[in-house]
>>> print(open('target-v6.cif').read())   # mmCIF, C-alpha atoms and all ligand atoms
data_coords
#
loop_
_atom_site.group_PDB
_atom_site.id
_atom_site.type_symbol
_atom_site.label_atom_id
_atom_site.label_comp_id
_atom_site.auth_asym_id
_atom_site.auth_seq_id
_atom_site.Cartn_x
_atom_site.Cartn_y
_atom_site.Cartn_z
ATOM 1 C CA MET A 11 50.498 224.617 23.822
ATOM 2 C CA GLY A 12 53.314 222.178 22.965
ATOM 3 C CA GLY A 13 53.090 222.755 19.191
ATOM 4 C CA ALA A 14 52.891 226.488 19.591
ATOM 5 C CA ARG A 15 55.932 226.595 21.901
ATOM 6 C CA SER A 16 58.151 224.794 19.449
ATOM 7 C CA ALA A 17 56.861 227.067 16.681
ATOM 8 C CA ILE A 18 58.005 230.124 18.680
ATOM 9 C CA ARG A 19 61.551 228.780 18.536
ATOM 10 C CA GLU A 20 61.370 228.173 14.805
ATOM 11 C CA LEU A 21 59.933 231.612 14.231
ATOM 12 C CA ASP A 22 63.173 233.317 15.249
ATOM 13 C CA LEU A 23 61.622 236.289 16.989
ATOM 14 C CA ARG A 24 63.934 239.173 17.765
ATOM 15 C CA LEU A 25 63.257 239.499 21.482
ATOM 16 C CA PRO A 26 63.996 241.565 23.434
ATOM 17 C CA SER A 27 63.663 244.004 20.558
ATOM 18 C CA PRO A 28 66.608 246.406 20.154
ATOM 19 C CA VAL A 29 66.726 249.872 21.722
ATOM 20 C CA GLU A 30 68.482 252.513 19.607
ATOM 21 C CA GLU A 31 69.253 256.130 20.386
ATOM 22 C CA LEU A 32 68.055 258.673 17.829
ATOM 23 C CA HIS A 33 70.447 261.585 17.533
ATOM 24 C CA ASP A 34 68.607 264.630 16.281
ATOM 25 C CA ASP A 35 69.607 268.290 16.490
ATOM 26 C CA LEU A 36 66.117 269.536 17.241
ATOM 27 C CA LEU A 37 65.740 267.225 20.226
ATOM 28 C CA ALA A 38 69.282 267.987 21.400
ATOM 29 C CA ARG A 39 68.512 271.742 21.325
ATOM 30 C CA HIS A 40 65.667 271.094 23.765
ATOM 31 C CA GLY A 41 67.806 268.867 25.974
ATOM 32 C CA ILE A 42 65.851 265.708 25.144
ATOM 33 C CA ARG A 43 67.308 262.234 24.660
ATOM 34 C CA LEU A 44 65.183 259.926 22.534
ATOM 35 C CA HIS A 45 65.521 256.170 22.214
ATOM 36 C CA MET A 46 63.509 254.006 19.853
ATOM 37 C CA LYS A 47 62.272 250.621 21.047
ATOM 38 C CA ARG A 48 62.424 248.786 17.710
ATOM 39 C CA ASP A 49 59.468 246.421 18.055
ATOM 40 C CA ASP A 50 59.070 246.673 14.273
ATOM 41 C CA LEU A 51 62.073 244.315 14.048
ATOM 42 C CA ILE A 52 60.517 241.480 16.111
ATOM 43 C CA HIS A 53 59.375 239.532 13.050
ATOM 44 C CA PRO A 54 58.639 240.532 9.430
ATOM 45 C CA GLU A 55 55.158 238.998 9.402
ATOM 46 C CA ILE A 56 54.124 239.477 13.041
ATOM 47 C CA PRO A 57 55.860 242.741 13.903
ATOM 48 C CA GLY A 58 55.567 245.179 16.740
ATOM 49 C CA ASN A 59 52.495 245.367 18.855
ATOM 50 C CA LYS A 60 50.954 242.574 16.747
ATOM 51 C CA TRP A 61 53.304 240.064 18.334
ATOM 52 C CA ARG A 62 52.910 241.616 21.766
ATOM 53 C CA LYS A 63 49.113 241.370 21.510
ATOM 54 C CA LEU A 64 48.982 237.882 20.036
ATOM 55 C CA ARG A 65 51.507 236.205 22.295
ATOM 56 C CA TYR A 66 49.303 235.492 25.336
ATOM 57 C CA ASN A 67 46.198 235.113 23.205
ATOM 58 C CA LEU A 68 47.873 232.228 21.363
ATOM 59 C CA SER A 69 48.747 230.486 24.607
ATOM 60 C CA ALA A 70 45.233 231.133 25.995
ATOM 61 C CA ALA A 71 43.668 229.698 22.815
ATOM 62 C CA ALA A 72 45.852 226.591 23.026
ATOM 63 C CA ASP A 73 45.243 226.168 26.777
ATOM 64 C CA LEU A 74 41.492 226.310 26.171
ATOM 65 C CA GLY A 75 41.835 223.599 23.516
ATOM 66 C CA HIS A 76 40.934 225.763 20.513
ATOM 67 C CA ASP A 77 42.325 225.036 17.076
ATOM 68 C CA THR A 78 40.759 228.006 15.294
ATOM 69 C CA LEU A 79 41.281 231.772 15.703
ATOM 70 C CA LEU A 80 38.615 234.199 14.506
ATOM 71 C CA THR A 81 39.042 237.934 14.331
ATOM 72 C CA PHE A 82 37.705 241.089 12.688
ATOM 73 C CA GLY A 83 39.198 243.873 10.616
ATOM 74 C CA GLY A 84 38.996 246.210 7.657
ATOM 75 C CA ALA A 85 40.280 245.157 4.243
ATOM 76 C CA TYR A 86 43.726 246.672 4.951
ATOM 77 C CA SER A 87 44.014 245.608 8.601
ATOM 78 C CA ASN A 88 47.514 244.818 9.899
ATOM 79 C CA HIS A 89 45.862 242.782 12.648
ATOM 80 C CA ILE A 90 44.148 240.517 10.078
ATOM 81 C CA ARG A 91 47.489 239.899 8.347
ATOM 82 C CA ALA A 92 49.281 239.182 11.611
ATOM 83 C CA THR A 93 46.548 236.824 12.841
ATOM 84 C CA ALA A 94 46.756 234.912 9.548
ATOM 85 C CA ALA A 95 50.546 234.633 9.963
ATOM 86 C CA ALA A 96 50.239 233.560 13.609
ATOM 87 C CA GLY A 97 47.693 230.899 12.636
ATOM 88 C CA TYR A 98 50.044 229.613 9.983
ATOM 89 C CA TYR A 99 53.131 229.487 12.226
ATOM 90 C CA PHE A 100 51.415 228.226 15.379
ATOM 91 C CA GLY A 101 49.182 225.599 13.837
ATOM 92 C CA PHE A 102 45.754 227.234 14.185
ATOM 93 C CA SER A 103 43.121 227.564 11.480
ATOM 94 C CA SER A 104 42.161 231.206 11.111
ATOM 95 C CA ILE A 105 39.037 233.062 10.039
ATOM 96 C CA GLY A 106 39.082 236.762 9.141
ATOM 97 C CA VAL A 107 35.733 238.570 9.338
ATOM 98 C CA ILE A 108 36.162 241.551 7.020
ATOM 99 C CA ARG A 109 34.143 244.778 7.060
ATOM 100 C CA GLY A 110 32.147 245.412 3.863
ATOM 101 C CA GLU A 111 31.848 243.484 0.637
ATOM 102 C CA GLU A 112 34.218 241.088 -1.020
ATOM 103 C CA HIS A 113 36.280 242.584 -3.850
ATOM 104 C CA ILE A 114 37.973 240.278 -6.317
ATOM 105 C CA PRO A 115 40.875 240.299 -6.932
ATOM 106 C CA LEU A 116 41.758 240.535 -3.254
ATOM 107 C CA ASN A 117 43.917 243.507 -2.266
ATOM 108 C CA PRO A 118 47.517 242.644 -1.281
ATOM 109 C CA SER A 119 46.687 242.526 2.472
ATOM 110 C CA LEU A 120 43.823 240.081 2.089
ATOM 111 C CA ALA A 121 45.661 238.096 -0.588
ATOM 112 C CA TYR A 122 48.530 237.688 1.896
ATOM 113 C CA ALA A 123 46.092 236.573 4.644
ATOM 114 C CA ALA A 124 44.438 234.069 2.303
ATOM 115 C CA GLY A 125 47.906 232.854 1.275
ATOM 116 C CA ARG A 126 48.631 232.126 4.935
ATOM 117 C CA GLY A 127 45.511 229.955 5.013
ATOM 118 C CA MET A 128 43.032 232.428 6.490
ATOM 119 C CA ARG A 129 39.422 231.818 5.550
ATOM 120 C CA LEU A 130 37.841 235.175 4.712
ATOM 121 C CA THR A 131 34.217 236.072 5.312
ATOM 122 C CA TYR A 132 32.469 239.424 5.004
ATOM 123 C CA LEU A 133 29.955 241.397 7.071
ATOM 124 C CA ASP A 134 27.957 244.333 5.726
ATOM 125 C CA ARG A 135 28.855 247.577 7.463
ATOM 126 C CA ALA A 136 25.726 247.737 9.660
ATOM 127 C CA THR A 137 26.252 244.193 10.985
ATOM 128 C CA TYR A 138 29.989 244.856 11.299
ATOM 129 C CA ARG A 139 29.273 247.730 13.689
ATOM 130 C CA ARG A 140 27.629 245.111 15.958
ATOM 131 C CA LYS A 141 30.403 242.543 15.387
ATOM 132 C CA HIS A 142 31.131 241.942 19.072
ATOM 133 C CA SER A 143 27.429 241.627 20.040
ATOM 134 C CA THR A 144 26.132 238.316 21.413
ATOM 135 C CA GLU A 145 23.850 237.785 18.369
ATOM 136 C CA THR A 146 26.591 238.375 15.789
ATOM 137 C CA VAL A 147 29.065 236.136 17.618
ATOM 138 C CA LYS A 148 26.368 233.438 17.988
ATOM 139 C CA ALA A 149 25.673 233.600 14.240
ATOM 140 C CA LEU A 150 29.420 233.235 13.558
ATOM 141 C CA HIS A 151 29.534 230.172 15.836
ATOM 142 C CA GLU A 152 26.582 228.664 13.957
ATOM 143 C CA GLN A 153 28.455 229.194 10.692
ATOM 144 C CA PHE A 154 31.995 228.248 11.778
ATOM 145 C CA GLY A 155 31.671 226.131 14.942
ATOM 146 C CA GLU A 156 34.100 226.575 17.856
ATOM 147 C CA PHE A 157 36.754 229.306 17.714
ATOM 148 C CA TYR A 158 38.889 231.550 19.927
ATOM 149 C CA LEU A 159 37.699 235.096 19.378
ATOM 150 C CA LEU A 160 40.152 237.965 19.121
ATOM 151 C CA PRO A 161 38.480 241.386 19.087
ATOM 152 C CA GLU A 162 39.097 243.887 16.281
ATOM 153 C CA GLY A 163 42.594 245.336 16.679
ATOM 154 C CA GLY A 164 43.413 242.440 19.019
ATOM 155 C CA SER A 165 43.059 244.556 22.182
ATOM 156 C CA ASN A 166 41.914 242.471 25.136
ATOM 157 C CA GLU A 167 43.362 241.423 28.490
ATOM 158 C CA PRO A 168 46.052 239.013 27.243
ATOM 159 C CA ALA A 169 47.028 241.655 24.655
ATOM 160 C CA ALA A 170 47.513 244.304 27.333
ATOM 161 C CA GLN A 171 49.571 241.838 29.376
ATOM 162 C CA GLY A 172 51.794 241.209 26.353
ATOM 163 C CA CYS A 173 52.282 244.958 25.819
ATOM 164 C CA ALA A 174 53.246 245.414 29.489
ATOM 165 C CA GLU A 175 56.442 243.512 28.626
ATOM 166 C CA ILE A 176 57.636 246.295 26.297
ATOM 167 C CA PRO A 177 58.887 248.688 29.028
ATOM 168 C CA ARG A 178 60.076 245.795 31.188
ATOM 169 C CA GLU A 179 62.534 244.857 28.423
ATOM 170 C CA ILE A 180 64.176 248.304 28.467
ATOM 171 C CA ASP A 181 67.295 248.437 30.618
ATOM 172 C CA LEU A 182 68.054 252.140 30.437
ATOM 173 C CA ASN A 183 66.381 254.647 32.739
ATOM 174 C CA PHE A 184 63.766 256.757 31.014
ATOM 175 C CA ASP A 185 61.075 259.206 32.077
ATOM 176 C CA VAL A 186 58.448 259.038 29.339
ATOM 177 C CA ILE A 187 57.452 256.303 26.888
ATOM 178 C CA CYS A 188 55.331 257.019 23.821
ATOM 179 C CA CYS A 189 53.230 254.885 21.490
ATOM 180 C CA PRO A 190 50.626 255.432 18.784
ATOM 181 C CA SER A 191 47.030 254.647 19.824
ATOM 182 C CA GLY A 192 44.179 253.220 17.765
ATOM 183 C CA THR A 193 42.197 251.028 20.150
ATOM 184 C CA GLY A 194 44.170 251.781 23.333
ATOM 185 C CA GLY A 195 45.410 248.250 24.086
ATOM 186 C CA THR A 196 49.081 249.015 23.526
ATOM 187 C CA LEU A 197 49.006 252.093 25.774
ATOM 188 C CA ALA A 198 47.049 250.223 28.474
ATOM 189 C CA GLY A 199 49.727 247.532 28.612
ATOM 190 C CA ILE A 200 52.784 249.777 28.315
ATOM 191 C CA ALA A 201 51.592 252.088 31.099
ATOM 192 C CA ALA A 202 50.905 249.104 33.372
ATOM 193 C CA GLY A 203 54.476 247.875 32.874
ATOM 194 C CA LEU A 204 56.158 251.129 34.010
ATOM 195 C CA ARG A 205 58.122 251.745 37.179
ATOM 196 C CA ASP A 206 57.234 254.479 39.697
ATOM 197 C CA GLY A 207 57.957 257.945 38.338
ATOM 198 C CA GLN A 208 57.727 256.922 34.676
ATOM 199 C CA ARG A 209 54.767 257.925 32.500
ATOM 200 C CA ALA A 210 53.289 256.998 29.136
ATOM 201 C CA ILE A 211 51.814 259.108 26.337
ATOM 202 C CA GLY A 212 49.567 257.634 23.640
ATOM 203 C CA PHE A 213 49.244 259.571 20.379
ATOM 204 C CA SER A 214 45.773 259.045 18.945
ATOM 205 C CA VAL A 215 45.766 258.361 15.201
ATOM 206 C CA LEU A 216 41.989 258.886 15.118
ATOM 207 C CA LYS A 217 39.965 262.024 14.588
ATOM 208 C CA GLY A 218 37.406 261.956 17.405
ATOM 209 C CA GLY A 219 39.451 259.481 19.420
ATOM 210 C CA GLN A 220 38.242 260.927 22.735
ATOM 211 C CA PHE A 221 36.696 257.552 23.646
ATOM 212 C CA LEU A 222 40.209 256.095 23.869
ATOM 213 C CA GLY A 223 40.745 257.232 27.461
ATOM 214 C CA ALA A 224 37.737 255.205 28.625
ATOM 215 C CA GLU A 225 38.988 252.197 26.659
ATOM 216 C CA VAL A 226 42.463 252.326 28.219
ATOM 217 C CA ASN A 227 40.864 252.658 31.646
ATOM 218 C CA ARG A 228 38.557 249.659 30.980
ATOM 219 C CA LEU A 229 41.391 247.482 29.650
ATOM 220 C CA GLN A 230 43.686 248.306 32.555
ATOM 221 C CA ARG A 231 40.990 247.498 35.102
ATOM 222 C CA GLN A 232 40.222 244.194 33.392
ATOM 223 C CA ALA A 233 43.804 243.121 32.786
ATOM 224 C CA PHE A 234 45.563 244.523 35.879
ATOM 225 C CA GLY A 235 42.770 245.259 38.383
ATOM 226 C CA SER A 236 43.197 249.056 38.392
ATOM 227 C CA ASN A 237 44.002 252.129 36.326
ATOM 228 C CA SER A 238 47.738 252.850 36.629
ATOM 229 C CA GLY A 239 47.081 256.609 36.458
ATOM 230 C CA ASN A 240 50.441 257.299 34.757
ATOM 231 C CA TRP A 241 49.299 257.879 31.173
ATOM 232 C CA THR A 242 47.757 260.571 29.004
ATOM 233 C CA ILE A 243 46.554 260.712 25.410
ATOM 234 C CA GLU A 244 47.436 263.408 22.864
ATOM 235 C CA HIS A 245 44.619 264.108 20.397
ATOM 236 C CA ASP A 246 46.264 266.780 18.230
ATOM 237 C CA PHE A 247 48.369 264.629 15.936
ATOM 238 C CA HIS A 248 45.911 262.500 13.939
ATOM 239 C CA CYS A 249 46.847 264.599 10.859
ATOM 240 C CA GLY A 250 43.350 264.370 9.341
ATOM 241 C CA GLY A 251 42.133 261.094 10.857
ATOM 242 C CA PHE A 252 42.691 257.365 10.565
ATOM 243 C CA ALA A 253 44.720 256.437 7.467
ATOM 244 C CA LYS A 254 44.730 260.110 6.407
ATOM 245 C CA LYS A 255 47.849 262.167 5.914
ATOM 246 C CA SER A 256 48.413 265.934 6.003
ATOM 247 C CA PRO A 257 51.110 267.600 3.839
ATOM 248 C CA GLU A 258 52.939 268.463 7.099
ATOM 249 C CA LEU A 259 53.041 264.795 8.106
ATOM 250 C CA GLN A 260 54.389 263.792 4.695
ATOM 251 C CA ALA A 261 57.076 266.495 4.914
ATOM 252 C CA PHE A 262 58.025 265.224 8.386
ATOM 253 C CA ILE A 263 58.248 261.598 7.143
ATOM 254 C CA ASP A 264 60.441 262.650 4.187
ATOM 255 C CA ALA A 265 62.755 264.780 6.343
ATOM 256 C CA PHE A 266 63.003 262.046 8.993
ATOM 257 C CA GLU A 267 63.926 259.484 6.348
ATOM 258 C CA GLU A 268 66.568 261.788 4.924
ATOM 259 C CA ARG A 269 68.116 262.530 8.333
ATOM 260 C CA HIS A 270 67.855 259.079 9.910
ATOM 261 C CA GLY A 271 67.448 256.599 7.044
ATOM 262 C CA LEU A 272 64.282 255.182 8.579
ATOM 263 C CA THR A 273 60.932 255.180 6.780
ATOM 264 C CA LEU A 274 58.205 255.582 9.390
ATOM 265 C CA ASP A 275 54.918 253.719 9.010
ATOM 266 C CA TRP A 276 52.629 256.676 8.240
ATOM 267 C CA VAL A 277 49.336 255.286 9.597
ATOM 268 C CA TYR A 278 50.610 254.951 13.171
ATOM 269 C CA VAL A 279 54.280 255.438 13.966
ATOM 270 C CA ALA A 280 54.891 258.654 11.993
ATOM 271 C CA LYS A 281 52.024 260.404 13.778
ATOM 272 C CA MET A 282 53.537 259.553 17.154
ATOM 273 C CA MET A 283 57.010 260.709 16.089
ATOM 274 C CA TYR A 284 55.595 263.911 14.582
ATOM 275 C CA GLY A 285 53.801 264.482 17.897
ATOM 276 C CA ILE A 286 56.952 263.878 19.976
ATOM 277 C CA PHE A 287 58.922 266.419 17.920
ATOM 278 C CA ALA A 288 56.050 268.936 18.144
ATOM 279 C CA LEU A 289 55.814 268.558 21.940
ATOM 280 C CA ALA A 290 59.588 268.922 22.198
ATOM 281 C CA GLN A 291 59.433 272.141 20.167
ATOM 282 C CA ARG A 292 56.637 273.450 22.372
ATOM 283 C CA GLY A 293 58.821 272.879 25.422
ATOM 284 C CA VAL A 294 56.462 270.302 26.948
ATOM 285 C CA PHE A 295 59.357 268.054 28.006
ATOM 286 C CA GLU A 296 61.708 269.441 30.664
ATOM 287 C CA PRO A 297 65.341 269.639 29.517
ATOM 288 C CA GLY A 298 67.024 266.382 30.497
ATOM 289 C CA THR A 299 63.905 264.278 29.839
ATOM 290 C CA ARG A 300 64.668 260.803 28.526
ATOM 291 C CA VAL A 301 61.978 259.678 26.109
ATOM 292 C CA VAL A 302 61.389 256.258 24.543
ATOM 293 C CA ALA A 303 59.341 255.994 21.342
ATOM 294 C CA VAL A 304 57.947 252.519 20.711
ATOM 295 C CA ILE A 305 58.170 251.719 16.997
ATOM 296 C CA THR A 306 55.080 249.550 17.003
ATOM 297 C CA GLY A 307 55.143 248.429 13.385
HETATM 298 C C1 LIG B 401 51.743 249.657 13.897
HETATM 299 C C2 LIG B 401 50.673 249.928 14.888
HETATM 300 N N1 LIG B 401 50.923 250.783 15.896
HETATM 301 C C3 LIG B 401 50.004 251.089 16.819
HETATM 302 C C4 LIG B 401 48.733 250.542 16.763
HETATM 303 C C5 LIG B 401 47.726 250.964 17.780
HETATM 304 O O1 LIG B 401 47.643 250.101 18.842
HETATM 305 P P1 LIG B 401 46.328 250.025 19.718
HETATM 306 O O2 LIG B 401 45.211 249.611 18.779
HETATM 307 O O3 LIG B 401 46.616 248.987 20.721
HETATM 308 O O4 LIG B 401 46.057 251.360 20.293
HETATM 309 C C6 LIG B 401 48.413 249.629 15.743
HETATM 310 C C7 LIG B 401 47.107 248.964 15.697
HETATM 311 O O5 LIG B 401 46.930 247.960 16.339
HETATM 312 C C8 LIG B 401 49.407 249.314 14.770
HETATM 313 O O6 LIG B 401 49.154 248.477 13.741
#
>>> encode(input="target-v6.cif", output="structure tokens")
Amino acid sequence: MGGARSAIRELDLRLPSPVEELHDDLLARHGIRLHMKRDDLIHPEIPGNKWRKLRYNLSAAADLGHDTLLTFGGAYSNHIRATAAAGYYFGFSSIGVIRGEEHIPLNPSLAYAAGRGMRLTYLDRATYRRKHSTETVKALHEQFGEFYLLPEGGSNEPAAQGCAEIPREIDLNFDVICCPSGTGGTLAGIAAGLRDGQRAIGFSVLKGGQFLGAEVNRLQRQAFGSNSGNWTIEHDFHCGGFAKKSPELQAFIDAFEERHGLTLDWVYVAKMMYGIFALAQRGVFEPGTRVVAVITG
């Protein structure tokens, strides 16, 4: 991975990412201290959990002698954008397999990916549902030759190992660490990186995300050999479902921006933060609890 290693230096990644305390009256009233782990600042094009998930996949791809990355995503996928950027910076060709039909002109996400050299191809929705099946992957190999396959959302064993580094970078003592959850990879890794007595909460951004628990369990067993047993998932803060927004969530985002000058990504991060404040108000955290919120993008 010689080329890739030198590219990491040129990329100027902000690692370890900063940890900032958030001073907020509501949390103070409930005796809670909240710090934000600002993974969103790691890199403008490969931010947050995207970098964490790609890091060990890039070295695995290079070690296995691959020069092409292939992955899957919807037309607005952050993971597609980040994989295109990683391919560009680390010297891999990249192929994005997009759900549904091609629409020209490309939307800004796909136009960005194409601009970073990603070759885009499309699968109808029925085939896309079977994207990880042996037949679909075989057909992609027949079309594109050899490639290193990253699953949709980028959640696999190397991704979980990369996410386990998030808590290990945090020097201060904390009790609970929180992240948004879409495929479960980030939570699986974060929870595995905790010390005894610490626990993790994932906030599902999906309506009907009850399958996530099984996914986190599967990923932890594959990546670390066992389930760390120190995590839970909150299912009450999806605010209408994936990429949907309730008026309450929008009001929370606006008020948060006004109080703290930070605009929260509404698809993932805002739902977690909204959930943390709601749990604090409900008295779920004991007074004195030190909470870290991972700003994943
Ligand atoms: C900004 C952001 N936060 C959180 C997540 C959810 O992470 P995971 O899919 O590992 O649960 C994603 C999706 O990967 C994301 O883009």
>>> residues_around(input="target-v6.cif", residues="A:Ser103", least_positions_apart="3", cutoff="10 Å", atoms="only C-alpha atoms", output="list in words")
His76, Asp77, Thr78, Leu79, Leu80, Thr93, Ala94, Ala96, Gly97, Tyr98, Phe100, Arg126, Gly127, Met128, Arg129 and Phe157 of chain A
>>> write_last_selection(input="target-v6.cif", atoms="C-alpha atoms", output="mmCIF file, keeping the file's coordinate frame")
data_model
loop_
_atom_site.group_PDB
_atom_site.id
_atom_site.type_symbol
_atom_site.label_atom_id
_atom_site.label_comp_id
_atom_site.auth_asym_id
_atom_site.auth_seq_id
_atom_site.Cartn_x
_atom_site.Cartn_y
_atom_site.Cartn_z
ATOM 1 C CA HIS A 76 40.934 225.763 20.513
ATOM 2 C CA ASP A 77 42.325 225.036 17.076
ATOM 3 C CA THR A 78 40.759 228.006 15.294
ATOM 4 C CA LEU A 79 41.281 231.772 15.703
ATOM 5 C CA LEU A 80 38.615 234.199 14.506
ATOM 6 C CA THR A 93 46.548 236.824 12.841
ATOM 7 C CA ALA A 94 46.756 234.912 9.548
ATOM 8 C CA ALA A 96 50.239 233.560 13.609
ATOM 9 C CA GLY A 97 47.693 230.899 12.636
ATOM 10 C CA TYR A 98 50.044 229.613 9.983
ATOM 11 C CA PHE A 100 51.415 228.226 15.379
ATOM 12 C CA ARG A 126 48.631 232.126 4.935
ATOM 13 C CA GLY A 127 45.511 229.955 5.013
ATOM 14 C CA MET A 128 43.032 232.428 6.490
ATOM 15 C CA ARG A 129 39.422 231.818 5.550
ATOM 16 C CA PHE A 157 36.754 229.306 17.714
#
>>> closest_residue(input="target-v6.cif", among="A:Ile180, A:Val294, A:Cys189, A:Leu216", to="ligand LIG 401 (chain B)", atoms="only C-alpha atoms and all ligand atoms")
A:Cys189
>>> closest_residue(input="target-v6.cif", among="A:Ile42, A:Ile286, A:Leu222, A:Leu37", to="ligand LIG 401 (chain B)", atoms="all atoms listed in the file")
A:Leu222
>>> closest_residue(input="target-v6.cif", among="A:Arg269, A:Lys281, A:Arg24, A:Arg205", to="A:Ile52", atoms="only C-alpha atoms")
A:Arg24
>>> closest_residue(input="target-v6.cif", among="A:Gly41, A:Pro257, A:Gly218, A:Gly223", to="ligand LIG 401 (chain B)", atoms="all atoms listed in the file")
A:Gly223
